[in-house]
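So this one's my_file.pdb, PDB, C-alpha atoms, pLDDT in the B column:
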```pdb
ATOM      1  CA  MET A   1     100.345  93.858  59.608  1.00 48.00           C
ATOM      2  CA  SER A   2      99.517  90.214  58.982  1.00 51.00           C
ATOM      3  CA  GLU A   3      97.116  89.163  56.235  1.00 64.00           C
ATOM      4  CA  GLY A   4      93.471  88.874  57.238  1.00 82.00           C
ATOM      5  CA  VAL A   5      93.487  91.698  59.778  1.00 84.00           C
ATOM      6  CA  PRO A   6      90.724  94.190  58.856  1.00 84.00           C
ATOM      7  CA  GLN A   7      91.989  97.455  57.338  1.00 87.00           C
ATOM      8  CA  ASN A   8      89.967 100.005  59.265  1.00 90.00           C
ATOM      9  CA  ALA A   9      92.568 102.446  60.612  1.00 93.00           C
ATOM     10  CA  GLY A  10      90.496 105.394  59.324  1.00 95.00           C
ATOM     11  CA  TYR A  11      87.928 104.816  62.077  1.00 96.00           C
ATOM     12  CA  LEU A  12      90.731 104.684  64.641  1.00 96.00           C
ATOM     13  CA  VAL A  13      92.129 107.995  63.405  1.00 97.00           C
ATOM     14  CA  ALA A  14      88.661 109.594  63.467  1.00 97.00           C
ATOM     15  CA  ALA A  15      88.029 108.522  67.066  1.00 97.00           C
ATOM     16  CA  TYR A  16      91.509 109.566  68.183  1.00 97.00           C
ATOM     17  CA  ILE A  17      90.916 113.043  66.725  1.00 97.00           C
ATOM     18  CA  VAL A  18      87.366 113.482  68.038  1.00 97.00           C
ATOM     19  CA  VAL A  19      88.283 112.807  71.693  1.00 98.00           C
ATOM     20  CA  PRO A  20      90.931 115.551  72.147  1.00 97.00           C
ATOM     21  CA  VAL A  21      88.753 117.956  70.133  1.00 97.00           C
ATOM     22  CA  ILE A  22      85.885 117.462  72.622  1.00 98.00           C
ATOM     23  CA  LEU A  23      88.232 117.689  75.619  1.00 98.00           C
ATOM     24  CA  LEU A  24      89.987 120.806  74.327  1.00 97.00           C
ATOM     25  CA  ALA A  25      86.684 122.485  73.433  1.00 97.00           C
ATOM     26  CA  TYR A  26      85.439 121.878  76.968  1.00 97.00           C
ATOM     27  CA  ALA A  27      88.722 123.074  78.496  1.00 97.00           C
ATOM     28  CA  VAL A  28      88.477 126.307  76.461  1.00 96.00           C
ATOM     29  CA  SER A  29      84.816 126.700  77.436  1.00 96.00           C
ATOM     30  CA  LEU A  30      85.707 126.399  81.146  1.00 96.00           C
ATOM     31  CA  TYR A  31      88.585 128.857  80.733  1.00 94.00           C
ATOM     32  CA  ARG A  32      86.358 131.440  79.029  1.00 95.00           C
ATOM     33  CA  ARG A  33      83.572 131.043  81.588  1.00 93.00           C
ATOM     34  CA  SER A  34      85.997 131.444  84.488  1.00 90.00           C
ATOM     35  CA  ARG A  35      87.272 134.690  82.924  1.00 86.00           C
ATOM     36  CA  SER A  36      83.848 136.231  82.260  1.00 79.00           C
TER      37      SER A  36
ATOM     38  CA  MET B   1      96.847 129.700  93.430  1.00 84.00           C
ATOM     39  CA  SER B   2      93.072 129.604  92.924  1.00 91.00           C
ATOM     40  CA  LEU B   3      91.057 126.398  92.527  1.00 92.00           C
ATOM     41  CA  ALA B   4      90.402 127.233  88.854  1.00 92.00           C
ATOM     42  CA  GLN B   5      94.131 127.629  88.179  1.00 93.00           C
ATOM     43  CA  LYS B   6      94.909 124.347  89.935  1.00 95.00           C
ATOM     44  CA  GLY B   7      92.182 122.671  87.880  1.00 96.00           C
ATOM     45  CA  ARG B   8      93.648 124.078  84.665  1.00 96.00           C
ATOM     46  CA  ARG B   9      97.060 122.648  85.560  1.00 97.00           C
ATOM     47  CA  VAL B  10      95.556 119.244  86.323  1.00 97.00           C
ATOM     48  CA  VAL B  11      93.708 119.285  82.975  1.00 97.00           C
ATOM     49  CA  LEU B  12      96.876 120.307  81.156  1.00 97.00           C
ATOM     50  CA  ALA B  13      98.730 117.419  82.816  1.00 97.00           C
ATOM     51  CA  GLY B  14      95.855 115.125  81.840  1.00 97.00           C
ATOM     52  CA  LEU B  15      96.018 116.210  78.192  1.00 97.00           C
ATOM     53  CA  VAL B  16      99.791 115.631  78.093  1.00 97.00           C
ATOM     54  CA  LEU B  17      99.307 112.194  79.676  1.00 98.00           C
ATOM     55  CA  LEU B  18      96.578 111.481  77.112  1.00 97.00           C
ATOM     56  CA  GLY B  19      99.255 112.018  74.463  1.00 97.00           C
ATOM     57  CA  GLY B  20     101.307 109.348  76.259  1.00 97.00           C
ATOM     58  CA  VAL B  21      98.343 106.977  76.186  1.00 97.00           C
ATOM     59  CA  TYR B  22      98.031 107.596  72.428  1.00 97.00           C
ATOM     60  CA  VAL B  23     101.698 106.668  71.929  1.00 97.00           C
ATOM     61  CA  ARG B  24     101.328 103.535  74.034  1.00 96.00           C
ATOM     62  CA  ALA B  25      98.031 102.500  72.418  1.00 96.00           C
ATOM     63  CA  LEU B  26      99.181 103.109  68.832  1.00 95.00           C
ATOM     64  CA  ALA B  27     102.825 102.002  68.975  1.00 94.00           C
ATOM     65  CA  PHE B  28     103.208  99.617  71.897  1.00 93.00           C
ATOM     66  CA  THR B  29      99.891  97.763  72.108  1.00 92.00           C
ATOM     67  CA  PRO B  30      99.181  94.890  69.709  1.00 91.00           C
ATOM     68  CA  VAL B  31      96.522  95.093  67.005  1.00 90.00           C
ATOM     69  CA  GLU B  32      93.583  92.796  67.715  1.00 88.00           C
ATOM     70  CA  ARG B  33      93.446  90.122  65.008  1.00 88.00           C
ATOM     71  CA  PHE B  34      89.695  90.069  64.316  1.00 89.00           C
ATOM     72  CA  GLN B  35      88.771  93.739  64.760  1.00 91.00           C
ATOM     73  CA  GLY B  36      91.925  95.328  63.350  1.00 92.00           C
ATOM     74  CA  PRO B  37      93.174  98.840  64.277  1.00 93.00           C
ATOM     75  CA  ALA B  38      89.637 100.065  65.067  1.00 94.00           C
ATOM     76  CA  GLN B  39      89.716  97.933  68.237  1.00 94.00           C
ATOM     77  CA  LYS B  40      92.107 100.519  69.697  1.00 95.00           C
ATOM     78  CA  ILE B  41      89.124 102.869  70.066  1.00 96.00           C
ATOM     79  CA  PHE B  42      88.499 100.634  73.101  1.00 94.00           C
ATOM     80  CA  TYR B  43      91.251 102.544  74.998  1.00 96.00           C
ATOM     81  CA  LEU B  44      89.250 105.767  74.787  1.00 97.00           C
ATOM     82  CA  HIS B  45      85.662 104.515  74.669  1.00 97.00           C
ATOM     83  CA  VAL B  46      85.758 102.288  77.762  1.00 96.00           C
ATOM     84  CA  PRO B  47      87.613 104.703  80.107  1.00 97.00           C
ATOM     85  CA  ALA B  48      85.267 107.500  79.002  1.00 97.00           C
ATOM     86  CA  ALA B  49      82.264 105.272  79.741  1.00 96.00           C
ATOM     87  CA  VAL B  50      83.558 104.218  83.172  1.00 96.00           C
ATOM     88  CA  THR B  51      84.392 107.849  84.055  1.00 97.00           C
ATOM     89  CA  THR B  52      80.894 108.930  82.966  1.00 97.00           C
ATOM     90  CA  GLU B  53      79.367 106.320  85.262  1.00 96.00           C
ATOM     91  CA  LEU B  54      81.667 107.371  88.100  1.00 97.00           C
ATOM     92  CA  ALA B  55      80.766 111.039  87.559  1.00 97.00           C
ATOM     93  CA  VAL B  56      77.041 110.266  87.698  1.00 97.00           C
ATOM     94  CA  ILE B  57      77.404 108.033  90.779  1.00 97.00           C
ATOM     95  CA  LEU B  58      79.197 110.914  92.519  1.00 97.00           C
ATOM     96  CA  VAL B  59      76.393 113.279  91.425  1.00 97.00           C
ATOM     97  CA  GLY B  60      73.925 110.876  93.053  1.00 97.00           C
ATOM     98  CA  LEU B  61      75.910 110.541  96.266  1.00 97.00           C
ATOM     99  CA  ALA B  62      76.405 114.309  96.556  1.00 97.00           C
ATOM    100  CA  SER B  63      72.673 114.778  95.857  1.00 97.00           C
ATOM    101  CA  VAL B  64      71.596 112.315  98.572  1.00 97.00           C
ATOM    102  CA  PHE B  65      73.890 113.962 101.116  1.00 97.00           C
ATOM    103  CA  PHE B  66      72.723 117.400  99.992  1.00 97.00           C
ATOM    104  CA  LEU B  67      69.075 116.519 100.694  1.00 96.00           C
ATOM    105  CA  PHE B  68      70.027 115.626 104.275  1.00 96.00           C
ATOM    106  CA  LEU B  69      72.762 118.159 105.038  1.00 95.00           C
ATOM    107  CA  LYS B  70      71.736 121.139 102.827  1.00 94.00           C
ATOM    108  CA  ASP B  71      75.416 121.950 102.342  1.00 95.00           C
ATOM    109  CA  PRO B  72      75.770 124.155  99.200  1.00 94.00           C
ATOM    110  CA  ARG B  73      79.224 122.656  98.513  1.00 96.00           C
ATOM    111  CA  LEU B  74      77.558 119.313  97.792  1.00 97.00           C
ATOM    112  CA  ASP B  75      75.163 120.949  95.309  1.00 96.00           C
ATOM    113  CA  ARG B  76      78.077 122.749  93.643  1.00 96.00           C
ATOM    114  CA  PHE B  77      80.022 119.508  93.368  1.00 97.00           C
ATOM    115  CA  ALA B  78      77.002 117.671  91.929  1.00 97.00           C
ATOM    116  CA  GLU B  79      76.553 120.417  89.324  1.00 97.00           C
ATOM    117  CA  ALA B  80      80.241 120.255  88.382  1.00 97.00           C
ATOM    118  CA  SER B  81      80.359 116.465  88.232  1.00 98.00           C
ATOM    119  CA  ALA B  82      77.157 116.331  86.136  1.00 97.00           C
ATOM    120  CA  GLU B  83      78.584 118.739  83.573  1.00 97.00           C
ATOM    121  CA  VAL B  84      81.877 116.861  83.295  1.00 98.00           C
ATOM    122  CA  GLY B  85      79.903 113.595  83.096  1.00 98.00           C
ATOM    123  CA  THR B  86      77.941 115.061  80.172  1.00 98.00           C
ATOM    124  CA  VAL B  87      81.192 115.793  78.318  1.00 98.00           C
ATOM    125  CA  PHE B  88      82.487 112.261  78.900  1.00 98.00           C
ATOM    126  CA  ALA B  89      79.102 110.850  77.853  1.00 98.00           C
ATOM    127  CA  ALA B  90      79.457 112.831  74.601  1.00 98.00           C
ATOM    128  CA  ILE B  91      82.830 111.128  74.072  1.00 98.00           C
ATOM    129  CA  VAL B  92      81.231 107.712  74.670  1.00 97.00           C
ATOM    130  CA  LEU B  93      78.422 108.486  72.241  1.00 97.00           C
ATOM    131  CA  THR B  94      80.788 109.615  69.483  1.00 97.00           C
ATOM    132  CA  THR B  95      83.539 106.991  69.834  1.00 97.00           C
ATOM    133  CA  GLY B  96      80.953 104.183  70.172  1.00 96.00           C
ATOM    134  CA  PRO B  97      79.393 104.612  66.716  1.00 96.00           C
ATOM    135  CA  ILE B  98      82.855 105.191  65.140  1.00 97.00           C
ATOM    136  CA  TRP B  99      83.917 101.826  66.601  1.00 95.00           C
ATOM    137  CA  GLY B 100      80.574 100.167  65.854  1.00 94.00           C
ATOM    138  CA  LYS B 101      80.541 100.959  62.126  1.00 94.00           C
ATOM    139  CA  PRO B 102      83.540  98.787  61.111  1.00 94.00           C
ATOM    140  CA  ILE B 103      82.809  96.031  63.660  1.00 92.00           C
ATOM    141  CA  TRP B 104      78.998  95.772  63.675  1.00 91.00           C
ATOM    142  CA  GLY B 105      78.438  97.243  60.206  1.00 92.00           C
ATOM    143  CA  THR B 106      76.227 100.015  61.555  1.00 93.00           C
ATOM    144  CA  TRP B 107      76.752 103.384  63.234  1.00 95.00           C
ATOM    145  CA  TRP B 108      73.865 102.887  65.615  1.00 94.00           C
ATOM    146  CA  THR B 109      71.393 100.266  66.765  1.00 92.00           C
ATOM    147  CA  TRP B 110      68.665 100.521  69.402  1.00 93.00           C
ATOM    148  CA  ASP B 111      70.427  98.011  71.630  1.00 90.00           C
ATOM    149  CA  ALA B 112      69.595  98.326  75.371  1.00 91.00           C
ATOM    150  CA  ARG B 113      73.119  99.513  76.341  1.00 92.00           C
ATOM    151  CA  LEU B 114      73.308 102.110  73.565  1.00 94.00           C
ATOM    152  CA  THR B 115      69.758 103.369  74.070  1.00 94.00           C
ATOM    153  CA  SER B 116      70.106 103.665  77.844  1.00 94.00           C
ATOM    154  CA  THR B 117      73.446 105.492  77.465  1.00 95.00           C
ATOM    155  CA  LEU B 118      71.811 107.945  75.059  1.00 97.00           C
ATOM    156  CA  PHE B 119      68.983 108.344  77.578  1.00 96.00           C
ATOM    157  CA  LEU B 120      71.549 109.085  80.312  1.00 96.00           C
ATOM    158  CA  PHE B 121      73.062 111.782  78.091  1.00 97.00           C
ATOM    159  CA  PHE B 122      69.616 113.362  77.618  1.00 97.00           C
ATOM    160  CA  LEU B 123      68.953 113.071  81.339  1.00 97.00           C
ATOM    161  CA  LEU B 124      72.204 114.926  82.074  1.00 97.00           C
ATOM    162  CA  ILE B 125      71.227 117.613  79.546  1.00 97.00           C
ATOM    163  CA  SER B 126      67.836 117.922  81.252  1.00 97.00           C
ATOM    164  CA  TYR B 127      69.681 118.251  84.589  1.00 97.00           C
ATOM    165  CA  HIS B 128      71.450 121.351  83.250  1.00 97.00           C
ATOM    166  CA  VAL B 129      68.255 122.704  81.656  1.00 97.00           C
ATOM    167  CA  LEU B 130      66.467 122.278  84.994  1.00 96.00           C
ATOM    168  CA  ARG B 131      69.253 124.088  86.835  1.00 95.00           C
ATOM    169  CA  SER B 132      69.149 127.014  84.443  1.00 95.00           C
ATOM    170  CA  ALA B 133      65.327 127.180  84.484  1.00 96.00           C
ATOM    171  CA  VAL B 134      64.778 127.430  88.261  1.00 94.00           C
ATOM    172  CA  THR B 135      65.799 130.810  89.662  1.00 91.00           C
ATOM    173  CA  ASP B 136      65.339 130.087  93.372  1.00 92.00           C
ATOM    174  CA  ALA B 137      68.663 128.618  94.566  1.00 91.00           C
ATOM    175  CA  GLY B 138      67.153 126.373  97.257  1.00 92.00           C
ATOM    176  CA  LEU B 139      64.486 124.905  94.964  1.00 95.00           C
ATOM    177  CA  ARG B 140      67.007 124.505  92.129  1.00 95.00           C
ATOM    178  CA  ALA B 141      69.364 122.515  94.330  1.00 95.00           C
ATOM    179  CA  ARG B 142      66.556 120.281  95.635  1.00 96.00           C
ATOM    180  CA  TYR B 143      65.027 119.556  92.212  1.00 96.00           C
ATOM    181  CA  ALA B 144      68.473 118.923  90.740  1.00 97.00           C
ATOM    182  CA  ALA B 145      69.312 116.552  93.593  1.00 97.00           C
ATOM    183  CA  VAL B 146      66.217 114.462  92.844  1.00 96.00           C
ATOM    184  CA  LEU B 147      67.131 114.295  89.149  1.00 96.00           C
ATOM    185  CA  GLY B 148      70.737 113.446  90.065  1.00 96.00           C
ATOM    186  CA  ILE B 149      69.533 110.477  92.121  1.00 96.00           C
ATOM    187  CA  CYS B 150      67.378 109.313  89.157  1.00 94.00           C
ATOM    188  CA  ALA B 151      70.518 109.405  86.986  1.00 95.00           C
ATOM    189  CA  VAL B 152      72.289 106.989  89.342  1.00 94.00           C
ATOM    190  CA  VAL B 153      69.410 104.536  89.017  1.00 93.00           C
ATOM    191  CA  LEU B 154      69.833 104.754  85.250  1.00 92.00           C
ATOM    192  CA  VAL B 155      73.580 104.052  85.570  1.00 92.00           C
ATOM    193  CA  GLY B 156      72.704 100.841  87.430  1.00 90.00           C
ATOM    194  CA  PHE B 157      70.387  99.888  84.574  1.00 89.00           C
ATOM    195  CA  ILE B 158      73.044 100.710  81.964  1.00 90.00           C
ATOM    196  CA  HIS B 159      75.532  98.483  83.768  1.00 86.00           C
ATOM    197  CA  MET B 160      73.055  95.574  83.954  1.00 85.00           C
ATOM    198  CA  SER B 161      71.569  96.107  80.478  1.00 84.00           C
ATOM    199  CA  VAL B 162      74.110  93.842  78.731  1.00 83.00           C
ATOM    200  CA  TYR B 163      73.100  90.984  81.066  1.00 81.00           C
ATOM    201  CA  LEU B 164      69.348  91.690  81.041  1.00 78.00           C
ATOM    202  CA  PHE B 165      69.048  92.299  77.268  1.00 78.00           C
ATOM    203  CA  PRO B 166      72.081  90.695  75.586  1.00 77.00           C
ATOM    204  CA  THR B 167      71.931  91.823  71.958  1.00 77.00           C
ATOM    205  CA  LEU B 168      74.759  93.575  70.102  1.00 74.00           C
ATOM    206  CA  HIS B 169      76.841  95.392  72.719  1.00 77.00           C
ATOM    207  CA  PRO B 170      79.366  92.986  74.295  1.00 76.00           C
ATOM    208  CA  GLN B 171      79.396  92.145  77.998  1.00 73.00           C
ATOM    209  CA  PRO B 172      82.286  93.461  80.129  1.00 72.00           C
ATOM    210  CA  ILE B 173      85.605  91.798  79.390  1.00 70.00           C
ATOM    211  CA  VAL B 174      87.627  93.494  82.135  1.00 69.00           C
ATOM    212  CA  LEU B 175      85.210  94.165  85.002  1.00 65.00           C
ATOM    213  CA  ARG B 176      83.718  90.696  85.284  1.00 65.00           C
ATOM    214  CA  PRO B 177      83.712  88.007  87.976  1.00 61.00           C
ATOM    215  CA  ALA B 178      86.241  85.861  86.069  1.00 65.00           C
ATOM    216  CA  LYS B 179      89.725  87.227  85.352  1.00 69.00           C
ATOM    217  CA  PRO B 180      90.002  89.990  82.686  1.00 66.00           C
ATOM    218  CA  GLY B 181      89.623  88.624  79.163  1.00 74.00           C
ATOM    219  CA  VAL B 182      92.264  90.840  77.544  1.00 82.00           C
ATOM    220  CA  PRO B 183      96.048  90.294  77.222  1.00 86.00           C
ATOM    221  CA  PRO B 184      98.225  92.100  79.819  1.00 88.00           C
ATOM    222  CA  GLU B 185      99.592  94.657  77.271  1.00 90.00           C
ATOM    223  CA  MET B 186      96.048  95.709  76.400  1.00 92.00           C
ATOM    224  CA  LEU B 187      94.972  95.741  80.038  1.00 92.00           C
ATOM    225  CA  VAL B 188      97.885  98.013  81.037  1.00 94.00           C
ATOM    226  CA  THR B 189      97.027 100.473  78.227  1.00 95.00           C
ATOM    227  CA  LEU B 190      93.381 100.444  79.273  1.00 95.00           C
ATOM    228  CA  LEU B 191      94.238 101.067  82.940  1.00 95.00           C
ATOM    229  CA  LEU B 192      96.652 103.887  82.024  1.00 97.00           C
ATOM    230  CA  SER B 193      93.956 105.496  79.905  1.00 97.00           C
ATOM    231  CA  PHE B 194      91.451 105.125  82.725  1.00 96.00           C
ATOM    232  CA  GLY B 195      93.937 106.857  85.059  1.00 97.00           C
ATOM    233  CA  VAL B 196      94.295 109.741  82.579  1.00 98.00           C
ATOM    234  CA  PHE B 197      90.521 110.111  82.243  1.00 98.00           C
ATOM    235  CA  LEU B 198      90.306 110.268  86.037  1.00 98.00           C
ATOM    236  CA  VAL B 199      92.937 113.035  86.097  1.00 98.00           C
ATOM    237  CA  LEU B 200      90.946 114.939  83.450  1.00 98.00           C
ATOM    238  CA  TYR B 201      87.733 114.412  85.426  1.00 98.00           C
ATOM    239  CA  VAL B 202      89.317 115.816  88.598  1.00 98.00           C
ATOM    240  CA  GLY B 203      90.791 118.832  86.762  1.00 97.00           C
ATOM    241  CA  PHE B 204      87.533 119.656  84.991  1.00 98.00           C
ATOM    242  CA  VAL B 205      85.474 119.291  88.180  1.00 98.00           C
ATOM    243  CA  MET B 206      87.866 121.609  90.059  1.00 97.00           C
ATOM    244  CA  GLN B 207      87.449 124.263  87.359  1.00 96.00           C
ATOM    245  CA  ARG B 208      83.688 123.857  87.105  1.00 97.00           C
ATOM    246  CA  TYR B 209      83.331 123.954  90.901  1.00 97.00           C
ATOM    247  CA  ALA B 210      85.323 127.205  90.971  1.00 96.00           C
ATOM    248  CA  ILE B 211      82.976 128.707  88.345  1.00 95.00           C
ATOM    249  CA  ALA B 212      79.932 127.725  90.455  1.00 93.00           C
ATOM    250  CA  GLN B 213      81.573 129.346  93.477  1.00 91.00           C
ATOM    251  CA  GLN B 214      82.250 132.545  91.479  1.00 89.00           C
ATOM    252  CA  ARG B 215      78.637 132.692  90.254  1.00 86.00           C
ATOM    253  CA  GLU B 216      77.214 132.216  93.745  1.00 81.00           C
ATOM    254  CA  GLY B 217      79.530 134.936  95.038  1.00 80.00           C
ATOM    255  CA  ALA B 218      78.380 137.276  92.258  1.00 77.00           C
ATOM    256  CA  ALA B 219      74.698 136.417  92.887  1.00 73.00           C
ATOM    257  CA  SER B 220      74.992 137.105  96.635  1.00 69.00           C
ATOM    258  CA  ASP B 221      76.638 140.468  95.889  1.00 63.00           C
ATOM    259  CA  VAL B 222      73.595 141.600  93.818  1.00 55.00           C
TER     260      VAL B 222
END
```
Conversion result in structure tokens:
Amino acid sequence: MSEGVPQNAGYLVAAYIVVPVILLAYAVSLYRRSRS
Amino acid sequence: MSLAQKGRRVVLAGLVLLGGVYVRALAFTPVERFQGPAQKIFYLHVPAAVTTELAVILVGLASVFFLFLKDPRLDRFAEASAEVGTVFAAIVLTTGPIWGKPIWGTWWTWDARLTSTLFLFFLLISYHVLRSAVTDAGLRARYAAVLGICAVVLVGFIHMSVYLFPTLHPQPIVLRPAKPGVPPEMLVTLLLSFGVFLVLYVGFVMQRYAIAQQREGAASDV
């Protein structure tokens, strides 16, 4: 990475983890509701 | 194969494709010079926001048609689309602050776009609360349809808010009258991600619609 580019990859990682967590949680919720 | 099973397969395909978007965004899309790696949140935040707006617009359209046609399938679809829209709105409202902190220096600000998006999220929550509070199916569908139409009006305001009250949130850089203001590599990643969010939306709505169908069947059996 070239000099001067902000070092903020932690925020990227956080966002890229949060999104599939929300999607998977909803997918599981739908699966459980369709079974009940 | 039932509608719920088909929906599950579509969602599974969407999640796998989302993995592909991650690979493309992280390994094959350049890092923006001024914002750094955090700019890549753009590839999740913007498609989630556009899909939320699309979901709510479809809720509104289904609601308008429901009020005229009284077709329960339209009410079921509106319910399903509203719930999926709420989930995507939650993604927008979590990825936004995570992106905003390194770029704006704050997790949250009461900017018109942010505030109206939060209001849309609350409105969608109230839509579900309303649906669960009214026991009469006909009344529930009618009240929900009115609220669904209100949500579409709010989407229009959200879209215009960056022009009417330009403060911190940037104006559109892709969907604007002039040509898109992002390099082609970034635009392709964004469009791929948008396609994946659409696939996820369709899969989730199919599943949620099937659940609504099941519940109505169970209620009519009682």
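Across A:Val5, A:Ala27, A:Gly10, A:Tyr16, the tightest approach to Arg8 (chain B) is made by A:Ala27 when counting all atoms listed in the file.
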Mind listing as a list in words all residues within 9 Å of (76.2, 113.3, 91.1), counting only C-alpha atoms?
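Residues with an atom close enough to that point: Leu54, Ala55, Val56, Ile57, Leu58, Val59, Gly60, Leu61, Ala62, Ser63, Val64, Asp75, Phe77, Ala78, Glu79, Ala80, Ser81, Ala82, Gly85, Ala145, Gly148, Ile149, Ala151 and Val152 of chain B.
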Keeping C-alpha atoms for every residue in the selection just given, could you write it to a file as a compact mmCIF listing (two decimals), in the coordinates of the input?
```
# COMPACT_ATOMS: atom_id res chain seq x y z
CA LEU B 54 81.67 107.37 88.10
CA ALA B 55 80.77 111.04 87.56
CA VAL B 56 77.04 110.27 87.70
CA ILE B 57 77.40 108.03 90.78
CA LEU B 58 79.20 110.91 92.52
CA VAL B 59 76.39 113.28 91.42
CA GLY B 60 73.92 110.88 93.05
CA LEU B 61 75.91 110.54 96.27
CA ALA B 62 76.40 114.31 96.56
CA SER B 63 72.67 114.78 95.86
CA VAL B 64 71.60 112.32 98.57
CA ASP B 75 75.16 120.95 95.31
CA PHE B 77 80.02 119.51 93.37
CA ALA B 78 77.00 117.67 91.93
CA GLU B 79 76.55 120.42 89.32
CA ALA B 80 80.24 120.26 88.38
CA SER B 81 80.36 116.46 88.23
CA ALA B 82 77.16 116.33 86.14
CA GLY B 85 79.90 113.60 83.10
CA ALA B 145 69.31 116.55 93.59
CA GLY B 148 70.74 113.45 90.06
CA ILE B 149 69.53 110.48 92.12
CA ALA B 151 70.52 109.40 86.99
CA VAL B 152 72.29 106.99 89.34
```
Pull out every residue of chain B that has at least one atom within 6 Å of chain A, counting all atoms listed in the file, and report them as a list of chain:residue names.
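Within 6 Å of chain A on chain B, we get B:Arg33, B:Gly36, B:Pro37, B:Ala38, B:Ile41, B:Thr95, B:Ile98, B:Ile211.
You can rank B:Leu74, B:Val31, B:Leu26, B:Val84 by their closest distance to Phe197 (chain B) using all atoms listed in the file, and at the top of that list sits B:Val84.
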Taking the file as I've supplied it (selection: the PyMOL selection byres ((chain B and resi 185) around 12)), which residues are included? Please answer as a list of chain:residue names.
B:Arg24, B:Ala25, B:Leu26, B:Ala27, B:Phe28, B:Thr29, B:Pro30, B:Val31, B:Glu32, B:Tyr43, B:Pro180, B:Gly181, B:Val182, B:Pro183, B:Pro184, B:Met186, B:Leu187, B:Val188, B:Thr189, B:Leu190, B:Leu191, B:Leu192
Give me, please, the distance in Å between CA of Tyr209 (chain B) and CA of Ala4 (chain B), quoted to one decimal.
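So the answer is 8.1 Å.
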Give me, please, the distance in Å between CA of Leu118 (chain B) and CA of Arg208 (chain B), quoted to one decimal.
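Distance reported for this atom pair: 23.2 Å.
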Residue contacts of region 119-128 of chain B (7 Å, all atoms listed in the file) excluding same-chain residues fewer than 4 positions away, as a ChimeraX atom specification:
/B:82,86,89,115,132,144,147,151,154
Selection result for the PyMOL selection byres ((chain B and resi 49) around 10) on this file, as a list in words:
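Expected selection for the PyMOL selection byres ((chain B and resi 49) around 10) here is Leu44, His45, Val46, Pro47, Ala48, Val50, Thr51, Thr52, Glu53, Leu54, Ala55, Gly85, Phe88, Ala89, Ala90, Ile91, Val92, Leu93, Gly96, Thr117, Phe194 and Phe197 of chain B.
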Between CA of Ser193 (chain B) and CA of Gly7 (chain B), what is the distance, to one decimal in Å?
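Separating CA of Ser193 (chain B) from CA of Gly7 (chain B) is a distance of 19.0 Å.
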Determine the residue membership of the PyMOL selection byres ((chain B and resi 110) around 12) for the file above and supply it as a ChimeraX atom specification.
/B:97,106-109,111-119,165,167-169
Padding 5 Å on each side, edges along x, y and z: where is the centre of the box around the listed atoms of region 53-62 of chain B, and how long are its edges in Å to one decimal? Output it as JSON.
```
{"center_x": 77.8, "center_y": 110.3, "center_z": 90.9, "size_x": 17.7, "size_y": 18.0, "size_z": 21.3}
```
Would you mind writing region 25-36 of chain A with N, CA and C atoms, as a CSV table (one decimal), in the frame of the given file?
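Now in result04.csv:
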```csv
chain,number,residue,atom,x,y,z
A,25,ALA,N,87.8,121.5,73.5
A,25,ALA,CA,86.7,122.5,73.4
A,25,ALA,C,86.1,122.7,74.8
A,26,TYR,N,86.0,121.7,75.6
A,26,TYR,CA,85.4,121.9,77.0
A,26,TYR,C,86.4,122.7,77.8
A,27,ALA,N,87.7,122.4,77.7
A,27,ALA,CA,88.7,123.1,78.5
A,27,ALA,C,88.7,124.6,78.2
A,28,VAL,N,88.6,124.9,76.9
A,28,VAL,CA,88.5,126.3,76.5
A,28,VAL,C,87.2,126.9,77.0
A,29,SER,N,86.1,126.2,76.9
A,29,SER,CA,84.8,126.7,77.4
A,29,SER,C,84.9,127.0,78.9
A,30,LEU,N,85.5,126.1,79.7
A,30,LEU,CA,85.7,126.4,81.1
A,30,LEU,C,86.6,127.6,81.4
A,31,TYR,N,87.7,127.7,80.6
A,31,TYR,CA,88.6,128.9,80.7
A,31,TYR,C,87.9,130.2,80.5
A,32,ARG,N,87.1,130.2,79.4
A,32,ARG,CA,86.4,131.4,79.0
A,32,ARG,C,85.3,131.8,80.1
A,33,ARG,N,84.6,130.8,80.6
A,33,ARG,CA,83.6,131.0,81.6
A,33,ARG,C,84.2,131.5,82.9
A,34,SER,N,85.4,131.0,83.2
A,34,SER,CA,86.0,131.4,84.5
A,34,SER,C,86.5,132.9,84.4
A,35,ARG,N,86.8,133.3,83.1
A,35,ARG,CA,87.3,134.7,82.9
A,35,ARG,C,86.2,135.7,82.9
A,36,SER,N,84.9,135.3,82.5
A,36,SER,CA,83.8,136.2,82.3
A,36,SER,C,83.2,136.6,83.6
```
